[in-house]
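Participant: What follows is entry06.json, JSON, N, CA and C atoms.
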[["chain", "number", "residue", "atom", "x", "y", "z"],
["R", 1, "MET", "N", 0.85, -1.18, 0.00],
["R", 1, "MET", "CA", 0.00, 0.00, 0.00],
["R", 1, "MET", "C", 0.89, 1.23, 0.00],
["R", 2, "SER", "N", 0.71, 2.10, -0.96],
["R", 2, "SER", "CA", 1.51, 3.32, -1.00],
["R", 2, "SER", "C", 0.75, 4.44, -0.27],
["R", 3, "PHE", "N", 1.50, 5.22, 0.45],
["R", 3, "PHE", "CA", 0.92, 6.30, 1.23],
["R", 3, "PHE", "C", 1.28, 7.61, 0.53],
["R", 4, "ASP", "N", 0.29, 8.26, -0.06],
["R", 4, "ASP", "CA", 0.54, 9.51, -0.74],
["R", 4, "ASP", "C", -0.41, 10.59, -0.25],
["R", 5, "SER", "N", -0.27, 11.80, -0.79],
["R", 5, "SER", "CA", -1.08, 12.91, -0.30],
["R", 5, "SER", "C", -2.57, 12.71, -0.61],
["R", 6, "ASP", "N", -2.90, 12.02, -1.69],
["R", 6, "ASP", "CA", -4.31, 11.78, -1.99],
["R", 6, "ASP", "C", -4.96, 10.92, -0.92],
["R", 7, "MET", "N", -4.23, 9.93, -0.44],
["R", 7, "MET", "CA", -4.77, 9.08, 0.62],
["R", 7, "MET", "C", -4.94, 9.87, 1.92],
["R", 8, "LEU", "N", -3.98, 10.73, 2.21],
["R", 8, "LEU", "CA", -4.06, 11.55, 3.42],
["R", 8, "LEU", "C", -5.26, 12.49, 3.36],
["R", 9, "TRP", "N", -5.46, 13.15, 2.23],
["R", 9, "TRP", "CA", -6.61, 14.04, 2.08],
["R", 9, "TRP", "C", -7.93, 13.26, 2.11],
["R", 10, "GLY", "N", -7.92, 12.06, 1.53],
["R", 10, "GLY", "CA", -9.12, 11.22, 1.58],
["R", 10, "GLY", "C", -9.47, 10.81, 3.00],
["R", 11, "ALA", "N", -8.45, 10.45, 3.77],
["R", 11, "ALA", "CA", -8.68, 10.08, 5.17],
["R", 11, "ALA", "C", -9.17, 11.28, 5.97],
["R", 12, "PHE", "N", -8.62, 12.44, 5.70],
["R", 12, "PHE", "CA", -9.05, 13.65, 6.38],
["R", 12, "PHE", "C", -10.51, 13.97, 6.05],
["R", 13, "GLY", "N", -10.88, 13.83, 4.78],
["R", 13, "GLY", "CA", -12.26, 14.05, 4.38],
["R", 13, "GLY", "C", -13.22, 13.08, 5.03],
["R", 14, "LEU", "N", -12.82, 11.81, 5.10],
["R", 14, "LEU", "CA", -13.65, 10.80, 5.76],
["R", 14, "LEU", "C", -13.82, 11.10, 7.24],
["R", 15, "MET", "N", -12.75, 11.56, 7.89],
["R", 15, "MET", "CA", -12.84, 11.93, 9.30],
["R", 15, "MET", "C", -13.83, 13.08, 9.49],
["R", 16, "LEU", "N", -13.78, 14.07, 8.60],
["R", 16, "LEU", "CA", -14.71, 15.19, 8.71],
["R", 16, "LEU", "C", -16.16, 14.75, 8.52],
["R", 17, "ILE", "N", -16.38, 13.80, 7.63],
["R", 17, "ILE", "CA", -17.74, 13.27, 7.43],
["R", 17, "ILE", "C", -18.24, 12.62, 8.70],
["R", 18, "PHE", "N", -17.42, 11.74, 9.29],
["R", 18, "PHE", "CA", -17.84, 11.06, 10.52],
["R", 18, "PHE", "C", -18.00, 12.03, 11.69],
["R", 19, "GLU", "N", -17.14, 13.02, 11.77],
["R", 19, "GLU", "CA", -17.25, 14.00, 12.85],
["R", 19, "GLU", "C", -18.50, 14.87, 12.69],
["R", 20, "GLY", "N", -18.95, 15.09, 11.47],
["R", 20, "GLY", "CA", -20.08, 15.97, 11.24],
["R", 20, "GLY", "C", -21.44, 15.30, 11.27],
["R", 21, "ILE", "N", -21.48, 13.98, 11.21],
["R", 21, "ILE", "CA", -22.77, 13.28, 11.16],
["R", 21, "ILE", "C", -23.59, 13.51, 12.42],
["R", 22, "PHE", "N", -23.01, 13.31, 13.60],
["R", 22, "PHE", "CA", -23.77, 13.40, 14.85],
["R", 22, "PHE", "C", -24.32, 14.81, 15.09],
["R", 23, "PRO", "N", -23.50, 15.88, 14.98],
["R", 23, "PRO", "CA", -24.11, 17.21, 15.18],
["R", 23, "PRO", "C", -25.13, 17.59, 14.11],
["R", 24, "PHE", "N", -24.99, 17.04, 12.91],
["R", 24, "PHE", "CA", -25.96, 17.32, 11.85],
["R", 24, "PHE", "C", -27.30, 16.64, 12.14],
["R", 25, "ILE", "N", -27.25, 15.38, 12.58],
["R", 25, "ILE", "CA", -28.47, 14.62, 12.80],
["R", 25, "ILE", "C", -29.18, 15.03, 14.09],
["R", 26, "SER", "N", -28.39, 15.24, 15.15],
["R", 26, "SER", "CA", -29.00, 15.53, 16.44],
["R", 26, "SER", "C", -28.19, 16.60, 17.19],
["R", 27, "PRO", "N", -28.37, 17.86, 16.83],
["R", 27, "PRO", "CA", -27.56, 18.91, 17.46],
["R", 27, "PRO", "C", -27.79, 19.05, 18.97],
["R", 28, "GLN", "N", -29.01, 18.82, 19.43],
["R", 28, "GLN", "CA", -29.27, 18.95, 20.86],
["R", 28, "GLN", "C", -28.54, 17.87, 21.66],
["R", 29, "ALA", "N", -28.58, 16.63, 21.20],
["R", 29, "ALA", "CA", -27.86, 15.55, 21.89],
["R", 29, "ALA", "C", -26.35, 15.80, 21.83],
["R", 30, "TRP", "N", -25.86, 16.33, 20.70],
["R", 30, "TRP", "CA", -24.44, 16.64, 20.57],
["R", 30, "TRP", "C", -24.04, 17.71, 21.58],
["R", 31, "ARG", "N", -24.88, 18.73, 21.74],
["R", 31, "ARG", "CA", -24.62, 19.79, 22.70],
["R", 31, "ARG", "C", -24.57, 19.24, 24.13],
["R", 32, "GLU", "N", -25.49, 18.33, 24.45],
["R", 32, "GLU", "CA", -25.50, 17.73, 25.79],
["R", 32, "GLU", "C", -24.23, 16.91, 26.04],
["R", 33, "LYS", "N", -23.79, 16.14, 25.03],
["R", 33, "LYS", "CA", -22.56, 15.35, 25.17],
["R", 33, "LYS", "C", -21.35, 16.26, 25.37],
["R", 34, "MET", "N", -21.31, 17.36, 24.63],
["R", 34, "MET", "CA", -20.19, 18.30, 24.79],
["R", 34, "MET", "C", -20.19, 18.91, 26.19],
["R", 35, "ALA", "N", -21.37, 19.18, 26.73],
["R", 35, "ALA", "CA", -21.47, 19.71, 28.09],
["R", 35, "ALA", "C", -20.96, 18.68, 29.10],
["R", 36, "GLN", "N", -21.27, 17.40, 28.87],
["R", 36, "GLN", "CA", -20.76, 16.35, 29.75],
["R", 36, "GLN", "C", -19.25, 16.25, 29.66],
["R", 37, "LEU", "N", -18.71, 16.40, 28.47],
["R", 37, "LEU", "CA", -17.25, 16.35, 28.29],
["R", 37, "LEU", "C", -16.56, 17.48, 29.03],
["R", 38, "MET", "N", -17.21, 18.63, 29.11],
["R", 38, "MET", "CA", -16.62, 19.76, 29.83],
["R", 38, "MET", "C", -16.46, 19.46, 31.32],
["R", 39, "GLY", "N", -17.24, 18.51, 31.83],
["R", 39, "GLY", "CA", -17.15, 18.15, 33.24],
["R", 39, "GLY", "C", -16.03, 17.17, 33.56],
["R", 40, "LEU", "N", -15.40, 16.60, 32.55],
["R", 40, "LEU", "CA", -14.32, 15.65, 32.78],
["R", 40, "LEU", "C", -13.04, 16.38, 33.16],
["R", 41, "ASN", "N", -12.22, 15.73, 33.97],
["R", 41, "ASN", "CA", -10.94, 16.36, 34.30],
["R", 41, "ASN", "C", -9.92, 16.06, 33.21],
["R", 42, "ASN", "N", -8.78, 16.74, 33.27],
["R", 42, "ASN", "CA", -7.77, 16.62, 32.21],
["R", 42, "ASN", "C", -7.25, 15.20, 32.04],
["R", 43, "GLY", "N", -7.10, 14.47, 33.13],
["R", 43, "GLY", "CA", -6.60, 13.10, 33.05],
["R", 43, "GLY", "C", -7.55, 12.19, 32.28],
["R", 44, "GLN", "N", -8.84, 12.36, 32.48],
["R", 44, "GLN", "CA", -9.82, 11.55, 31.77],
["R", 44, "GLN", "C", -9.81, 11.87, 30.28],
["R", 45, "ILE", "N", -9.72, 13.14, 29.94],
["R", 45, "ILE", "CA", -9.68, 13.52, 28.54],
["R", 45, "ILE", "C", -8.39, 13.03, 27.89],
["R", 46, "ARG", "N", -7.28, 13.15, 28.61],
["R", 46, "ARG", "CA", -5.99, 12.69, 28.08],
["R", 46, "ARG", "C", -6.03, 11.17, 27.84],
["R", 47, "PHE", "N", -6.62, 10.41, 28.77],
["R", 47, "PHE", "CA", -6.72, 8.96, 28.61],
["R", 47, "PHE", "C", -7.56, 8.61, 27.39],
["R", 48, "PHE", "N", -8.67, 9.30, 27.20],
["R", 48, "PHE", "CA", -9.51, 9.06, 26.03],
["R", 48, "PHE", "C", -8.74, 9.35, 24.75],
["R", 49, "GLY", "N", -7.98, 10.45, 24.74],
["R", 49, "GLY", "CA", -7.16, 10.77, 23.58],
["R", 49, "GLY", "C", -6.13, 9.70, 23.30],
["R", 50, "LEU", "N", -5.49, 9.18, 24.35],
["R", 50, "LEU", "CA", -4.50, 8.11, 24.20],
["R", 50, "LEU", "C", -5.14, 6.86, 23.62],
["R", 51, "VAL", "N", -6.30, 6.50, 24.11],
["R", 51, "VAL", "CA", -7.00, 5.32, 23.60],
["R", 51, "VAL", "C", -7.33, 5.50, 22.11],
["R", 52, "CYS", "N", -7.79, 6.68, 21.74],
["R", 52, "CYS", "CA", -8.11, 6.95, 20.33],
["R", 52, "CYS", "C", -6.86, 6.83, 19.46],
["R", 53, "VAL", "N", -5.74, 7.38, 19.92],
["R", 53, "VAL", "CA", -4.50, 7.29, 19.15],
["R", 53, "VAL", "C", -4.07, 5.84, 19.01],
["R", 54, "MET", "N", -4.13, 5.08, 20.09],
["R", 54, "MET", "CA", -3.70, 3.67, 20.05],
["R", 54, "MET", "C", -4.59, 2.85, 19.12],
["R", 55, "VAL", "N", -5.89, 3.06, 19.19],
["R", 55, "VAL", "CA", -6.81, 2.34, 18.30],
["R", 55, "VAL", "C", -6.53, 2.72, 16.85],
["R", 56, "GLY", "N", -6.31, 4.00, 16.59],
["R", 56, "GLY", "CA", -5.99, 4.43, 15.24],
["R", 56, "GLY", "C", -4.70, 3.82, 14.72],
["R", 57, "LEU", "N", -3.67, 3.76, 15.57],
["R", 57, "LEU", "CA", -2.41, 3.14, 15.17],
["R", 57, "LEU", "C", -2.57, 1.65, 14.90],
["R", 58, "LEU", "N", -3.35, 0.97, 15.74],
["R", 58, "LEU", "CA", -3.60, -0.46, 15.53],
["R", 58, "LEU", "C", -4.34, -0.69, 14.22],
["R", 59, "MET", "N", -5.33, 0.15, 13.94],
["R", 59, "MET", "CA", -6.07, 0.03, 12.68],
["R", 59, "MET", "C", -5.14, 0.29, 11.50],
["R", 60, "PHE", "N", -4.29, 1.29, 11.62],
["R", 60, "PHE", "CA", -3.36, 1.63, 10.54],
["R", 60, "PHE", "C", -2.40, 0.47, 10.28],
["R", 61, "CYS", "N", -1.89, -0.13, 11.34],
["R", 61, "CYS", "CA", -0.98, -1.28, 11.18],
["R", 61, "CYS", "C", -1.72, -2.48, 10.60],
["R", 62, "TRP", "N", -2.94, -2.71, 11.05],
["R", 62, "TRP", "CA", -3.73, -3.84, 10.59],
["R", 62, "TRP", "C", -4.07, -3.70, 9.11],
["R", 63, "LEU", "N", -4.42, -2.48, 8.69],
["R", 63, "LEU", "CA", -4.79, -2.27, 7.29],
["R", 63, "LEU", "C", -3.58, -2.14, 6.38],
["R", 64, "GLY", "N", -2.44, -1.75, 6.96],
["R", 64, "GLY", "CA", -1.24, -1.55, 6.13],
["R", 64, "GLY", "C", -0.53, -2.82, 5.95]]
In structure tokens, what does this structure look like?

Facilitator:
Amino acid sequence: MSFDSDMLWGAFGLMLIFEGIFPFISPQAWREKMAQLMGLNNGQIRFFGLVCVMVGLLMFCWLG
């Protein structure tokens, strides 16, 4: 699998699609979830970010 700028832009576009679906379909529920996230402390948010990065890396290795 070759990794080029077209693939990077395609992945970025796909990420934007997935990120935009929930606020588009249900803005009120999205707003409530964001309010709940504001109540988390920095360690919880950092752990969630770490888990997302690790899952993304595992997926990238699995697909590559």

Participant: Looking only at alpha helix (DSSP H) from DSSP on the backbone, list the matching residues of region 1-32 of chain R as a ChimeraX atom specification.

Facilitator: /R:5-25,27-32

Participant: In Å, rounded to a single decimal, give me how far atom N of Arg31 (chain R) is from CA of Phe48 (chain R).

Facilitator: 18.7 Å

Participant: Between CA of Leu50 (chain R) and CA of Lys33 (chain R), measure the distance and give it in Å to one decimal.

Facilitator: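 If I compute the distance from CA of Leu50 (chain R) to CA of Lys33 (chain R), I get 19.5 Å.
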
Participant: What's the separation between CA of Gly49 (chain R) and atom N of Asp4 (chain R), in Å to one decimal place?

Facilitator: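 Atom-to-atom, CA of Gly49 (chain R) to atom N of Asp4 (chain R), that is 24.9 Å.
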
Participant: Given the block above, output region 16-34 of chain R with N, CA and C atoms as a tab-separated table (two decimals), in the first residue's frame.

Facilitator:
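Final output, out.tsv:
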chain	number	residue	atom	x	y	z
R	16	LEU	N	-13.78	14.07	8.60
R	16	LEU	CA	-14.71	15.19	8.71
R	16	LEU	C	-16.16	14.75	8.52
R	17	ILE	N	-16.38	13.80	7.63
R	17	ILE	CA	-17.74	13.27	7.43
R	17	ILE	C	-18.24	12.62	8.70
R	18	PHE	N	-17.42	11.74	9.29
R	18	PHE	CA	-17.84	11.06	10.52
R	18	PHE	C	-18.00	12.03	11.69
R	19	GLU	N	-17.14	13.02	11.77
R	19	GLU	CA	-17.25	14.00	12.85
R	19	GLU	C	-18.50	14.87	12.69
R	20	GLY	N	-18.95	15.09	11.47
R	20	GLY	CA	-20.08	15.97	11.24
R	20	GLY	C	-21.44	15.30	11.27
R	21	ILE	N	-21.48	13.98	11.21
R	21	ILE	CA	-22.77	13.28	11.16
R	21	ILE	C	-23.59	13.51	12.42
R	22	PHE	N	-23.01	13.31	13.60
R	22	PHE	CA	-23.77	13.40	14.85
R	22	PHE	C	-24.32	14.81	15.09
R	23	PRO	N	-23.50	15.88	14.98
R	23	PRO	CA	-24.11	17.21	15.18
R	23	PRO	C	-25.13	17.59	14.11
R	24	PHE	N	-24.99	17.04	12.91
R	24	PHE	CA	-25.96	17.32	11.85
R	24	PHE	C	-27.30	16.64	12.14
R	25	ILE	N	-27.25	15.38	12.58
R	25	ILE	CA	-28.47	14.62	12.80
R	25	ILE	C	-29.18	15.03	14.09
R	26	SER	N	-28.39	15.24	15.15
R	26	SER	CA	-29.00	15.53	16.44
R	26	SER	C	-28.19	16.60	17.19
R	27	PRO	N	-28.37	17.86	16.83
R	27	PRO	CA	-27.56	18.91	17.46
R	27	PRO	C	-27.79	19.05	18.97
R	28	GLN	N	-29.01	18.82	19.43
R	28	GLN	CA	-29.27	18.95	20.86
R	28	GLN	C	-28.54	17.87	21.66
R	29	ALA	N	-28.58	16.63	21.20
R	29	ALA	CA	-27.86	15.55	21.89
R	29	ALA	C	-26.35	15.80	21.83
R	30	TRP	N	-25.86	16.33	20.70
R	30	TRP	CA	-24.44	16.64	20.57
R	30	TRP	C	-24.04	17.71	21.58
R	31	ARG	N	-24.88	18.73	21.74
R	31	ARG	CA	-24.62	19.79	22.70
R	31	ARG	C	-24.57	19.24	24.13
R	32	GLU	N	-25.49	18.33	24.45
R	32	GLU	CA	-25.50	17.73	25.79
R	32	GLU	C	-24.23	16.91	26.04
R	33	LYS	N	-23.79	16.14	25.03
R	33	LYS	CA	-22.56	15.35	25.17
R	33	LYS	C	-21.35	16.26	25.37
R	34	MET	N	-21.31	17.36	24.63
R	34	MET	CA	-20.19	18.30	24.79
R	34	MET	C	-20.19	18.91	26.19
